[in-house]
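Engineer: Just structure28.pdb, nothing more (PDB, C-alpha atoms):
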```pdb
ATOM      1  CA  MET A 612     -88.938-140.355-230.773
ATOM      2  CA  ALA A 613     -89.507-138.253-227.644
ATOM      3  CA  ALA A 614     -86.975-137.933-224.840
ATOM      4  CA  GLN A 615     -86.015-141.229-223.374
ATOM      5  CA  THR A 616     -87.836-141.853-220.139
ATOM      6  CA  GLU A 617     -85.695-143.590-217.576
ATOM      7  CA  ARG A 618     -87.408-146.747-216.500
ATOM      8  CA  PRO A 619     -86.014-148.842-213.650
ATOM      9  CA  PRO A 620     -85.184-152.370-214.786
ATOM     10  CA  GLU A 621     -87.594-154.024-212.286
ATOM     11  CA  SER A 622     -90.668-152.422-213.876
ATOM     12  CA  GLY A 623     -90.286-154.833-216.783
ATOM     13  CA  ILE A 624     -92.945-153.118-218.824
ATOM     14  CA  ARG A 625     -92.509-155.114-221.963
ATOM     15  CA  VAL A 626     -92.593-158.425-220.179
ATOM     16  CA  THR A 627     -95.673-157.363-218.266
ATOM     17  CA  SER A 628     -97.341-156.296-221.490
ATOM     18  CA  ALA A 629     -96.541-159.579-223.161
ATOM     19  CA  ASP A 630     -97.828-161.532-220.164
ATOM     20  CA  ASP A 631    -101.008-159.494-219.964
ATOM     21  CA  MET A 632    -101.582-159.834-223.672
ATOM     22  CA  GLU A 633    -101.072-163.547-223.269
ATOM     23  CA  THR A 634    -103.572-163.668-220.411
ATOM     24  CA  ALA A 635    -106.070-161.703-222.438
ATOM     25  CA  ASN A 636    -105.473-163.821-225.482
ATOM     26  CA  ASP A 637    -105.906-166.961-223.403
ATOM     27  CA  ALA A 638    -109.180-165.645-222.012
ATOM     28  CA  LEU A 639    -110.423-165.012-225.517
ATOM     29  CA  ALA A 640    -109.154-168.378-226.731
ATOM     30  CA  GLU A 641    -110.712-170.266-223.816
ATOM     31  CA  SER A 642    -114.185-168.980-224.517
ATOM     32  CA  GLN A 643    -113.784-169.312-228.258
ATOM     33  CA  PRO A 644    -111.582-172.337-228.790
ATOM     34  CA  GLU A 645    -111.851-172.188-232.545
ATOM     35  CA  MET A 646    -110.034-168.890-232.476
ATOM     36  CA  ALA A 647    -107.021-170.185-230.521
ATOM     37  CA  PRO A 648    -103.574-169.558-231.969
ATOM     38  CA  GLY A 649    -102.826-171.861-234.828
ATOM     39  CA  SER A 650    -106.224-171.100-236.344
ATOM     40  CA  PRO A 651    -106.647-169.328-239.708
ATOM     41  CA  ALA A 652    -105.908-165.869-238.224
ATOM     42  CA  THR A 653    -102.239-165.029-238.294
ATOM     43  CA  TYR A 654    -102.043-163.875-234.672
ATOM     44  CA  ALA A 655     -99.127-165.711-233.093
ATOM     45  CA  GLN A 656     -98.378-166.268-229.427
ATOM     46  CA  PRO A 657     -96.706-163.157-228.044
ATOM     47  CA  ALA A 658     -94.010-164.156-225.513
ATOM     48  CA  GLU A 659     -92.075-166.320-227.965
ATOM     49  CA  ASP A 660     -89.231-166.266-225.528
ATOM     50  CA  ASP A 661     -86.304-166.489-227.944
ATOM     51  CA  ARG A 662     -87.307-163.507-230.059
ATOM     52  CA  TRP A 663     -88.034-161.336-227.066
ATOM     53  CA  ARG A 664     -84.852-162.422-225.355
ATOM     54  CA  ASP A 665     -82.889-161.284-228.392
ATOM     55  CA  ILE A 666     -84.549-157.902-228.243
ATOM     56  CA  MET A 667     -83.822-157.632-224.509
ATOM     57  CA  ALA A 668     -80.222-158.667-225.000
ATOM     58  CA  GLY A 669     -79.772-155.987-227.636
ATOM     59  CA  PHE A 670     -80.708-153.200-225.224
ATOM     60  CA  VAL A 671     -77.331-152.858-223.576
ATOM     61  CA  ASP A 672     -75.615-152.103-226.886
ATOM     62  CA  ASP A 673     -78.387-150.241-228.610
ATOM     63  CA  PRO A 674     -81.309-149.067-226.463
ATOM     64  CA  ARG A 675     -83.011-147.191-229.284
ATOM     65  CA  GLY A 676     -82.699-150.147-231.595
ATOM     66  CA  ALA A 677     -84.173-152.417-228.974
ATOM     67  CA  VAL A 678     -87.121-150.091-228.442
ATOM     68  CA  GLN A 679     -87.666-149.871-232.193
ATOM     69  CA  ALA A 680     -87.623-153.647-232.562
ATOM     70  CA  ALA A 681     -89.945-154.085-229.607
ATOM     71  CA  THR A 682     -92.500-151.556-230.787
ATOM     72  CA  ASP A 683     -92.388-152.976-234.326
ATOM     73  CA  ARG A 684     -93.057-156.362-232.857
ATOM     74  CA  VAL A 685     -96.001-155.177-230.793
ATOM     75  CA  GLU A 686     -97.448-153.227-233.720
ATOM     76  CA  ASP A 687     -97.416-156.375-235.839
ATOM     77  CA  GLU A 688     -99.112-158.284-233.073
ATOM     78  CA  VAL A 689    -101.772-155.624-232.709
ATOM     79  CA  SER A 690    -102.464-155.707-236.457
ATOM     80  CA  ALA A 691    -102.822-159.448-236.347
ATOM     81  CA  LEU A 692    -105.086-159.067-233.360
ATOM     82  CA  MET A 693    -107.331-156.660-235.240
ATOM     83  CA  ALA A 694    -107.625-159.138-238.075
ATOM     84  CA  LEU A 695    -108.510-161.822-235.544
ATOM     85  CA  LEU A 696    -111.218-159.700-233.965
ATOM     86  CA  SER A 697    -112.706-158.866-237.355
ATOM     87  CA  GLU A 698    -112.810-162.465-238.355
ATOM     88  CA  HIS A 699    -114.266-163.482-235.025
ATOM     89  CA  ARG A 700    -117.056-160.952-235.239
ATOM     90  CA  GLU A 701    -117.883-161.940-238.813
ATOM     91  CA  ARG A 702    -118.247-165.499-237.734
ATOM     92  CA  LEU A 703    -120.419-164.676-234.720
ATOM     93  CA  LEU A 704    -122.762-162.363-236.571
ATOM     94  CA  ALA A 705    -122.991-164.365-239.776
ATOM     95  CA  ALA A 706    -124.192-167.586-238.202
ATOM     96  CA  THR A 707    -127.816-167.934-239.218
ATOM     97  CA  SER A 708    -128.357-171.654-239.507
ATOM     98  CA  GLY A 709    -128.042-174.177-236.735
ATOM     99  CA  ASP A 710    -129.145-174.210-233.137
ATOM    100  CA  ALA A 711    -130.480-170.742-232.260
ATOM    101  CA  GLU A 712    -130.393-171.489-228.557
ATOM    102  CA  ALA A 713    -126.773-172.570-228.553
ATOM    103  CA  HIS A 714    -125.938-169.526-230.629
ATOM    104  CA  THR A 715    -127.436-167.138-228.098
ATOM    105  CA  GLU A 716    -125.292-168.741-225.430
ATOM    106  CA  GLU A 717    -122.235-168.455-227.674
ATOM    107  CA  MET A 718    -122.907-164.773-228.212
ATOM    108  CA  ARG A 719    -123.378-164.209-224.499
ATOM    109  CA  LYS A 720    -119.992-165.770-223.726
ATOM    110  CA  ALA A 721    -118.363-163.798-226.515
ATOM    111  CA  LEU A 722    -119.794-160.581-225.094
ATOM    112  CA  LEU A 723    -118.249-161.318-221.706
ATOM    113  CA  ALA A 724    -114.931-162.275-223.294
ATOM    114  CA  TYR A 725    -114.846-159.030-225.263
ATOM    115  CA  ARG A 726    -115.574-156.957-222.211
ATOM    116  CA  ASP A 727    -112.805-158.665-220.224
ATOM    117  CA  PHE A 728    -110.483-158.323-223.187
ATOM    118  CA  SER A 729    -111.237-154.635-223.368
ATOM    119  CA  GLY A 730    -110.330-154.383-219.689
ATOM    120  CA  GLU A 731    -106.966-156.020-220.337
ATOM    121  CA  ILE A 732    -106.263-153.638-223.195
ATOM    122  CA  ALA A 733    -107.112-150.682-220.985
ATOM    123  CA  LYS A 734    -104.709-151.962-218.327
ATOM    124  CA  ASN A 735    -101.915-152.188-220.879
ATOM    125  CA  VAL A 736    -102.598-148.769-222.287
ATOM    126  CA  ARG A 737    -102.417-147.350-218.760
ATOM    127  CA  SER A 738     -99.117-149.090-218.067
ATOM    128  CA  LEU A 739     -97.604-147.579-221.197
ATOM    129  CA  SER A 740     -98.613-144.005-220.602
TER     130      SER A 740
ATOM    131  CA  MET B 140    -211.954-161.062-226.308
ATOM    132  CA  ALA B 141    -212.372-162.042-222.695
ATOM    133  CA  ALA B 142    -210.475-160.056-220.059
ATOM    134  CA  GLY B 143    -208.838-163.251-218.913
ATOM    135  CA  THR B 144    -207.416-163.909-222.356
ATOM    136  CA  ILE B 145    -206.061-160.357-222.638
ATOM    137  CA  ALA B 146    -204.463-160.711-219.226
ATOM    138  CA  LEU B 147    -202.893-163.970-220.286
ATOM    139  CA  ILE B 148    -201.529-162.428-223.463
ATOM    140  CA  ILE B 149    -200.100-159.515-221.492
ATOM    141  CA  VAL B 150    -198.472-161.892-219.040
ATOM    142  CA  LEU B 151    -197.022-163.912-221.885
ATOM    143  CA  ILE B 152    -195.670-160.776-223.540
ATOM    144  CA  VAL B 153    -194.112-159.672-220.257
ATOM    145  CA  VAL B 154    -192.560-163.092-219.755
ATOM    146  CA  VAL B 155    -191.177-163.149-223.287
ATOM    147  CA  LEU B 156    -189.765-159.667-222.860
ATOM    148  CA  ALA B 157    -188.219-160.694-219.574
ATOM    149  CA  VAL B 158    -186.636-163.716-221.170
ATOM    150  CA  ILE B 159    -185.298-161.658-224.063
ATOM    151  CA  GLY B 160    -184.053-159.034-221.637
ATOM    152  CA  THR B 161    -182.265-161.580-219.514
ATOM    153  CA  ALA B 162    -180.740-163.240-222.544
ATOM    154  CA  ALA B 163    -179.587-159.858-223.801
ATOM    155  CA  SER B 164    -177.971-158.928-220.507
ATOM    156  CA  ILE B 165    -176.274-162.304-220.253
ATOM    157  CA  ALA B 166    -174.961-161.836-223.771
ATOM    158  CA  THR B 167    -173.744-158.348-222.919
ATOM    159  CA  ARG B 168    -171.997-159.522-219.800
ATOM    160  CA  ARG B 169    -170.442-162.389-221.726
ATOM    161  CA  ARG B 170    -169.191-160.014-224.405
ATOM    162  CA  ARG B 171    -167.765-157.670-221.806
ATOM    163  CA  LEU B 172    -165.955-160.483-220.040
ATOM    164  CA  ARG B 173    -164.586-161.798-223.310
ATOM    165  CA  ASP B 174    -163.358-158.339-224.237
ATOM    166  CA  ARG B 175    -161.699-157.830-220.907
ATOM    167  CA  PHE B 176    -160.204-161.266-220.437
ATOM    168  CA  GLY B 177    -159.529-162.216-224.043
ATOM    169  CA  PRO B 178    -157.832-165.595-224.393
ATOM    170  CA  GLU B 179    -158.047-166.064-220.643
ATOM    171  CA  TYR B 180    -161.831-166.315-221.012
ATOM    172  CA  ASP B 181    -161.497-169.195-223.435
ATOM    173  CA  ARG B 182    -158.874-170.870-221.331
ATOM    174  CA  VAL B 183    -160.934-170.784-218.146
ATOM    175  CA  ALA B 184    -164.075-171.839-220.021
ATOM    176  CA  ALA B 185    -162.218-174.830-221.403
ATOM    177  CA  GLU B 186    -160.767-175.663-218.011
ATOM    178  CA  LEU B 187    -164.148-175.517-216.264
ATOM    179  CA  SER B 188    -165.957-176.977-219.279
ATOM    180  CA  SER B 189    -168.634-174.356-218.837
ATOM    181  CA  ARG B 190    -169.009-170.773-219.932
ATOM    182  CA  ARG B 191    -171.343-170.079-217.060
ATOM    183  CA  LEU B 192    -168.828-171.272-214.475
ATOM    184  CA  ALA B 193    -166.054-169.426-216.250
ATOM    185  CA  GLU B 194    -168.034-166.208-216.171
ATOM    186  CA  ALA B 195    -168.697-166.666-212.471
ATOM    187  CA  GLU B 196    -164.991-167.222-211.852
ATOM    188  CA  LEU B 197    -163.924-164.240-213.916
ATOM    189  CA  THR B 198    -166.524-162.010-212.319
ATOM    190  CA  ASP B 199    -165.206-163.061-208.919
ATOM    191  CA  ARG B 200    -161.732-162.074-209.981
ATOM    192  CA  LYS B 201    -162.950-158.715-211.178
ATOM    193  CA  HIS B 202    -164.543-158.014-207.830
ATOM    194  CA  ARG B 203    -161.549-159.240-205.911
ATOM    195  CA  VAL B 204    -159.157-157.025-207.814
ATOM    196  CA  ALA B 205    -161.527-154.066-207.507
ATOM    197  CA  SER B 206    -161.382-154.559-203.738
ATOM    198  CA  TYR B 207    -157.611-154.067-203.805
ATOM    199  CA  GLU B 208    -158.118-150.464-204.840
ATOM    200  CA  LEU B 209    -155.147-150.431-207.143
ATOM    201  CA  ARG B 210    -153.219-147.204-207.388
ATOM    202  CA  PRO B 211    -150.712-146.065-210.003
ATOM    203  CA  LEU B 212    -147.046-145.630-209.081
ATOM    204  CA  SER B 213    -145.670-142.187-208.317
ATOM    205  CA  ASP B 214    -143.261-140.696-210.845
ATOM    206  CA  GLU B 215    -140.483-141.165-208.334
ATOM    207  CA  ALA B 216    -141.285-144.836-207.881
ATOM    208  CA  CYS B 217    -141.459-145.281-211.648
ATOM    209  CA  GLU B 218    -137.979-143.795-212.020
ATOM    210  CA  LYS B 219    -136.614-145.978-209.266
ATOM    211  CA  TYR B 220    -138.040-149.163-210.706
ATOM    212  CA  SER B 221    -137.021-148.269-214.245
ATOM    213  CA  ALA B 222    -133.445-147.736-213.149
ATOM    214  CA  ARG B 223    -133.457-151.003-211.269
ATOM    215  CA  TRP B 224    -134.783-152.759-214.365
ATOM    216  CA  SER B 225    -131.908-151.407-216.455
ATOM    217  CA  GLN B 226    -129.461-152.834-213.963
ATOM    218  CA  VAL B 227    -131.111-156.235-214.072
ATOM    219  CA  GLN B 228    -131.115-156.222-217.861
ATOM    220  CA  GLU B 229    -127.381-155.438-217.874
ATOM    221  CA  GLN B 230    -126.789-158.167-215.363
ATOM    222  CA  PHE B 231    -128.371-160.690-217.712
ATOM    223  CA  VAL B 232    -125.212-161.150-219.761
ATOM    224  CA  GLU B 233    -123.195-162.252-216.751
ATOM    225  CA  THR B 234    -125.753-164.314-214.898
ATOM    226  CA  PRO B 235    -128.844-164.950-216.999
ATOM    227  CA  SER B 236    -130.648-167.146-214.450
ATOM    228  CA  GLU B 237    -130.162-164.759-211.577
ATOM    229  CA  ALA B 238    -131.231-161.817-213.699
ATOM    230  CA  VAL B 239    -134.490-163.500-214.608
ATOM    231  CA  GLY B 240    -135.082-164.251-210.923
ATOM    232  CA  GLU B 241    -134.428-160.591-210.103
ATOM    233  CA  ALA B 242    -136.848-159.550-212.804
ATOM    234  CA  GLN B 243    -139.550-161.681-211.299
ATOM    235  CA  ALA B 244    -138.868-160.244-207.837
ATOM    236  CA  LEU B 245    -139.007-156.738-209.262
ATOM    237  CA  ILE B 246    -142.388-157.404-210.818
ATOM    238  CA  GLU B 247    -143.709-158.674-207.513
ATOM    239  CA  ALA B 248    -142.415-155.558-205.786
ATOM    240  CA  VAL B 249    -144.144-153.306-208.298
ATOM    241  CA  MET B 250    -147.338-155.253-207.967
ATOM    242  CA  ARG B 251    -147.349-154.896-204.210
ATOM    243  CA  GLU B 252    -146.645-151.207-204.406
ATOM    244  CA  ARG B 253    -149.616-150.843-206.709
ATOM    245  CA  GLY B 254    -151.871-152.670-204.286
ATOM    246  CA  TYR B 255    -151.854-156.296-205.331
ATOM    247  CA  PRO B 256    -151.153-158.786-202.532
ATOM    248  CA  ALA B 257    -148.882-160.724-204.911
ATOM    249  CA  THR B 258    -148.648-163.796-202.742
ATOM    250  CA  GLY B 259    -148.697-167.129-204.594
ATOM    251  CA  TYR B 260    -148.095-167.512-208.320
ATOM    252  CA  GLN B 261    -151.534-168.868-209.096
ATOM    253  CA  GLN B 262    -153.433-166.071-207.431
ATOM    254  CA  THR B 263    -151.079-163.486-208.868
ATOM    255  CA  LEU B 264    -151.794-164.867-212.294
ATOM    256  CA  GLU B 265    -155.530-164.629-211.693
ATOM    257  CA  ASP B 266    -155.280-161.100-210.331
ATOM    258  CA  LEU B 267    -153.229-159.958-213.276
ATOM    259  CA  SER B 268    -155.705-161.397-215.740
ATOM    260  CA  VAL B 269    -158.236-158.742-214.786
ATOM    261  CA  GLU B 270    -156.234-155.719-215.908
ATOM    262  CA  HIS B 271    -153.467-157.277-217.970
ATOM    263  CA  ALA B 272    -154.972-160.212-219.828
ATOM    264  CA  PRO B 273    -152.995-159.577-223.049
ATOM    265  CA  VAL B 274    -149.637-160.132-221.384
ATOM    266  CA  LEU B 275    -150.726-163.084-219.297
ATOM    267  CA  GLU B 276    -149.332-165.650-221.700
ATOM    268  CA  HIS B 277    -145.986-163.849-221.549
ATOM    269  CA  TYR B 278    -146.035-164.013-217.785
ATOM    270  CA  ARG B 279    -146.803-167.723-217.817
ATOM    271  CA  ALA B 280    -143.995-168.466-220.253
ATOM    272  CA  ALA B 281    -141.529-166.344-218.315
ATOM    273  CA  HIS B 282    -142.483-168.018-215.060
ATOM    274  CA  ALA B 283    -142.052-171.450-216.622
ATOM    275  CA  ALA B 284    -138.571-170.520-217.814
ATOM    276  CA  CYS B 285    -137.788-169.198-214.350
ATOM    277  CA  GLU B 286    -138.834-172.480-212.771
ATOM    278  CA  LYS B 287    -136.732-174.369-215.258
ATOM    279  CA  ALA B 288    -133.726-172.237-214.416
ATOM    280  CA  ALA B 289    -134.283-172.701-210.691
ATOM    281  CA  ALA B 290    -134.421-176.452-211.187
ATOM    282  CA  ASP B 291    -130.964-176.242-212.736
ATOM    283  CA  GLY B 292    -129.031-179.385-212.057
ATOM    284  CA  ALA B 293    -132.084-181.612-212.225
ATOM    285  CA  GLY B 294    -131.181-182.151-215.876
ATOM    286  CA  THR B 295    -133.565-179.618-217.422
ATOM    287  CA  SER B 296    -132.108-176.156-217.156
ATOM    288  CA  ALA B 297    -133.394-173.321-219.281
ATOM    289  CA  SER B 298    -131.304-172.275-222.245
ATOM    290  CA  THR B 299    -129.925-168.760-222.522
ATOM    291  CA  GLU B 300    -132.333-168.112-225.364
ATOM    292  CA  GLU B 301    -135.312-169.172-223.227
ATOM    293  CA  LEU B 302    -134.105-166.936-220.425
ATOM    294  CA  ARG B 303    -133.635-164.036-222.834
ATOM    295  CA  GLU B 304    -137.203-164.475-224.022
ATOM    296  CA  ALA B 305    -138.363-164.647-220.406
ATOM    297  CA  MET B 306    -136.692-161.277-219.767
ATOM    298  CA  ILE B 307    -138.547-159.773-222.705
ATOM    299  CA  SER B 308    -141.820-161.248-221.477
ATOM    300  CA  TYR B 309    -141.281-159.932-217.985
ATOM    301  CA  ARG B 310    -140.412-156.539-219.341
ATOM    302  CA  GLU B 311    -143.714-156.437-221.234
ATOM    303  CA  LEU B 312    -145.624-156.987-218.014
ATOM    304  CA  PHE B 313    -143.335-154.676-216.091
ATOM    305  CA  SER B 314    -143.928-151.791-218.457
ATOM    306  CA  GLN B 315    -147.676-152.333-218.313
ATOM    307  CA  LEU B 316    -147.633-152.320-214.521
ATOM    308  CA  LEU B 317    -145.554-149.165-214.513
ATOM    309  CA  GLY B 318    -147.796-147.531-217.045
ATOM    310  CA  ARG B 319    -144.847-146.819-219.283
ATOM    311  CA  ALA B 320    -141.841-148.511-220.846
ATOM    312  CA  PRO B 321    -138.861-148.976-218.500
ATOM    313  CA  ALA B 322    -135.545-147.469-219.634
ATOM    314  CA  ALA B 323    -134.389-150.151-222.027
ATOM    315  CA  GLY B 324    -130.801-151.275-222.476
ATOM    316  CA  GLN B 325    -130.797-150.570-226.197
ATOM    317  CA  ARG B 326    -129.438-147.141-226.948
TER     318      ARG B 326
END
```
Rewrite the structure from the file as C-alpha cells, please.

Structural biologist:
Amino acid sequence: MAAQTERPPESGIRVTSADDMETANDALAESQPEMAPGSPATYAQPAEDDRWRDIMAGFVDDPRGAVQAATDRVEDEVSALMALLSEHRERLLAATSGDAEAHTEEMRKALLAYRDFSGEIAKNVRSLS
Amino acid sequence: MAAGTIALIIVLIVVVLAVIGTAASIATRRRRLRDRFGPEYDRVAAELSSRRLAEAELTDRKHRVASYELRPLSDEACEKYSARWSQVQEQFVETPSEAVGEAQALIEAVMRERGYPATGYQQTLEDLSVEHAPVLEHYRAAHAACEKAAADGAGTSASTEELREAMISYRELFSQLLGRAPAAGQR
C-alpha cells in the first residue's frame, strides 16, 4: 500500500462513506421497494454498527490491519451492489407482460434513482481521492 | 334541317359541355382538397354532413393560411429551437407533465415565428391542417394528453406512457414546422 496519508480523526471518512452509501441505498430502495435489503440480492446494510465499531477499535493497535479490514469490507459491499444492480436491470428490462403504462412510469422512476445513485457514488469517489 | 333546330342543337351541345366542364372542375377541386387535407377532409365532411360545405370550409382555410404569408425559419432560429427541444426532452424524465407543456409552448412559438397567429387551439388546428394534415391526428392526441395532465388532481391524470407518446407526437409536428428533425435525445 502507498504511504500512509495522515487523516485527522474528525474527517471520519469511513463513517461518511457508510452513511452516504446508506443514503444512496435508501434512495434506490425507496423507489424500488422490491429491491430493499433482505431481498434475493445479497447486498446487506452497510453501517452494521458492531462490525464497523470493531474495525474502528482495532485501529489504535493496528492501523494497517484496520484499513485492510475496512477496504475488504467495502469491496465486498461493492461486489454485492454490482450484483444487485445487474439483477435490478434484468428485471426492469425483461418485463414484457402486464401494464405497459405502469411499466413506463416504473422505468422513469428507476432512471431518476440511477442518476441520483450515480451522483452519490461520484461524491464518495471524490471523498476518497 | 331548319336553322332554328341547328341553333338549338348547338345550344344543347354547349350546355352539355358546360355541365361536363363544371363537373370536371368540381371533381378536380375535390381531388385536390382530398389530397391536401387527407383524413381531415373526411372528418370535416362527416362533421358538416356535406362534402360541398366541407370543401367550402377547407378552401376558406387554405385562403386564410395563404394570407399569413408563412415564412421558413432561419438556420439560426432552427438551431435555437432544436437545442431548446433537446432540453425539454431531457426534462421529461424528471417532470413529464411540465415537459409536455413546454413542448406545446415551443410549438406555438415556432408557429408564430413562421407567421401563424397561433391563438386558440381550435383555430391553430385548422390552420395547421392546410400544410400539415398528416400530423394533425398526432397534434390532437398530444393536446388531449396535455389537457389530461393539466387537469391532474381531478381524478384523470395522464399516465407517463401517454405523456411520452404526446412528446413523440409533438416532436413530429415540431420537426415538420422546422423543416427538419430536431436534435433528438437518442445518441

Engineer: So which residues touch range 307-316 of chain B within 7 Å, counting only C-alpha atoms, skipping near sequence neighbours fewer than 6 positions away, as a PyMOL selection string?

Structural biologist: chain B and resi 242+246+274+277-278+281

Engineer: Just need the residues of chain B within 6 Å of chain A, counting all atoms listed in the file, so spit them out as a list in words.

Structural biologist: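 Result: Val232, Thr299 and Glu300 of chain B.
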
Engineer: Choose the residue, out of B:Ala163, B:Glu265, B:Ala185, B:Glu304, that has the smallest atom-to-atom separation from Phe231 in chain B; count only C-alpha atoms.

Structural biologist: B:Glu304

Engineer: If the PyMOL selection byres ((chain B and resi 247) around 12) were run on this exact file, what residues would it hold? Put them as JSON, numbers by chain.

Structural biologist: {"B": [220, 240, 241, 242, 243, 244, 245, 246, 248, 249, 250, 251, 252, 253, 254, 255, 256, 257, 258, 259, 260, 263, 264, 267, 278, 309, 312, 313, 316, 317]}

Engineer: Would you mind reading off the distance between CA of Ile149 in chain B and CA of Ala162 in chain B, one decimal, in Å?

Structural biologist: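 These atoms are spaced 19.7 Å apart.
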
Engineer: With the file shown as input, list the residues that the PyMOL selection byres ((chain B and resi 228) around 9) selects, as a ChimeraX atom specification.

Structural biologist: /B:223-227,229-232,238-239,242,306,323-324

Engineer: Just to be explicit: take each residue in the selection above, keep C-alpha atoms, and write the result as an mmCIF file, in the frame of the given file.

Structural biologist:
```cif
data_model
loop_
_atom_site.group_PDB
_atom_site.id
_atom_site.type_symbol
_atom_site.label_atom_id
_atom_site.label_comp_id
_atom_site.auth_asym_id
_atom_site.auth_seq_id
_atom_site.Cartn_x
_atom_site.Cartn_y
_atom_site.Cartn_z
ATOM 1 C CA ARG B 223 -133.457 -151.003 -211.269
ATOM 2 C CA TRP B 224 -134.783 -152.759 -214.365
ATOM 3 C CA SER B 225 -131.908 -151.407 -216.455
ATOM 4 C CA GLN B 226 -129.461 -152.834 -213.963
ATOM 5 C CA VAL B 227 -131.111 -156.235 -214.072
ATOM 6 C CA GLU B 229 -127.381 -155.438 -217.874
ATOM 7 C CA GLN B 230 -126.789 -158.167 -215.363
ATOM 8 C CA PHE B 231 -128.371 -160.690 -217.712
ATOM 9 C CA VAL B 232 -125.212 -161.150 -219.761
ATOM 10 C CA ALA B 238 -131.231 -161.817 -213.699
ATOM 11 C CA VAL B 239 -134.490 -163.500 -214.608
ATOM 12 C CA ALA B 242 -136.848 -159.550 -212.804
ATOM 13 C CA MET B 306 -136.692 -161.277 -219.767
ATOM 14 C CA ALA B 323 -134.389 -150.151 -222.027
ATOM 15 C CA GLY B 324 -130.801 -151.275 -222.476
#
```

Engineer: What is the CA of Glu301 in chain B to CA of Ser708 in chain A distance in Å?

Structural biologist: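 These two atoms are separated by 17.9 Å.
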
Engineer: CA of Leu172 in chain B to CA of Gln262 in chain B: how many Å, to one decimal?

Structural biologist: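 These atoms are spaced 18.6 Å apart.
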
Engineer: Can you list, as a PyMOL selection string, every protein, DNA or RNA residue that comes within 9 Å of Val269 in chain B when you count all atoms listed in the file, leaving out same-chain residues fewer than 3 positions away?

Structural biologist: chain B and resi 175-176+197+200-201+204+265-266+272

Engineer: Name every residue that the PyMOL selection byres ((chain B and resi 186-194) around 12) selects in this structure, writing the answer as a list of chain:residue names with chains first and numbers rising.

Structural biologist: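 Those residues are B:Ile165, B:Ala166, B:Thr167, B:Arg168, B:Arg169, B:Arg170, B:Arg171, B:Leu172, B:Arg173, B:Arg175, B:Phe176, B:Glu179, B:Tyr180, B:Asp181, B:Arg182, B:Val183, B:Ala184, B:Ala185, B:Ala195, B:Glu196, B:Leu197, B:Thr198, B:Asp199, B:Arg200, B:Lys201.
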
Engineer: Please produce a file of those selected residues containing C-alpha atoms, as a compact mmCIF listing (two decimals), in the frame of the given file.

Structural biologist:
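Okay, again.txt is ready:
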```
# COMPACT_ATOMS: atom_id res chain seq x y z
CA ILE B 165 -176.27 -162.30 -220.25
CA ALA B 166 -174.96 -161.84 -223.77
CA THR B 167 -173.74 -158.35 -222.92
CA ARG B 168 -172.00 -159.52 -219.80
CA ARG B 169 -170.44 -162.39 -221.73
CA ARG B 170 -169.19 -160.01 -224.40
CA ARG B 171 -167.76 -157.67 -221.81
CA LEU B 172 -165.96 -160.48 -220.04
CA ARG B 173 -164.59 -161.80 -223.31
CA ARG B 175 -161.70 -157.83 -220.91
CA PHE B 176 -160.20 -161.27 -220.44
CA GLU B 179 -158.05 -166.06 -220.64
CA TYR B 180 -161.83 -166.32 -221.01
CA ASP B 181 -161.50 -169.20 -223.44
CA ARG B 182 -158.87 -170.87 -221.33
CA VAL B 183 -160.93 -170.78 -218.15
CA ALA B 184 -164.08 -171.84 -220.02
CA ALA B 185 -162.22 -174.83 -221.40
CA ALA B 195 -168.70 -166.67 -212.47
CA GLU B 196 -164.99 -167.22 -211.85
CA LEU B 197 -163.92 -164.24 -213.92
CA THR B 198 -166.52 -162.01 -212.32
CA ASP B 199 -165.21 -163.06 -208.92
CA ARG B 200 -161.73 -162.07 -209.98
CA LYS B 201 -162.95 -158.72 -211.18
```

Engineer: What are the centre and edge lengths in Å, to one decimal, of the axis-aligned box around all listed atoms of range 694-706 of chain A with 4 Å added on each side, as JSON?

Structural biologist:
```
{"center_x": -115.9, "center_y": -163.2, "center_z": -236.9, "size_x": 24.6, "size_y": 16.7, "size_z": 13.8}
```

Engineer: Go through A:Thr682, A:Arg675, A:Asn735, A:Ser729 one by one, measure the shortest atom-to-atom distance of each to Leu696 in chain A using all atoms listed in the file, and give the residue with the smallest value.

Structural biologist: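 Under the stated criterion, the closest residue is A:Ser729.
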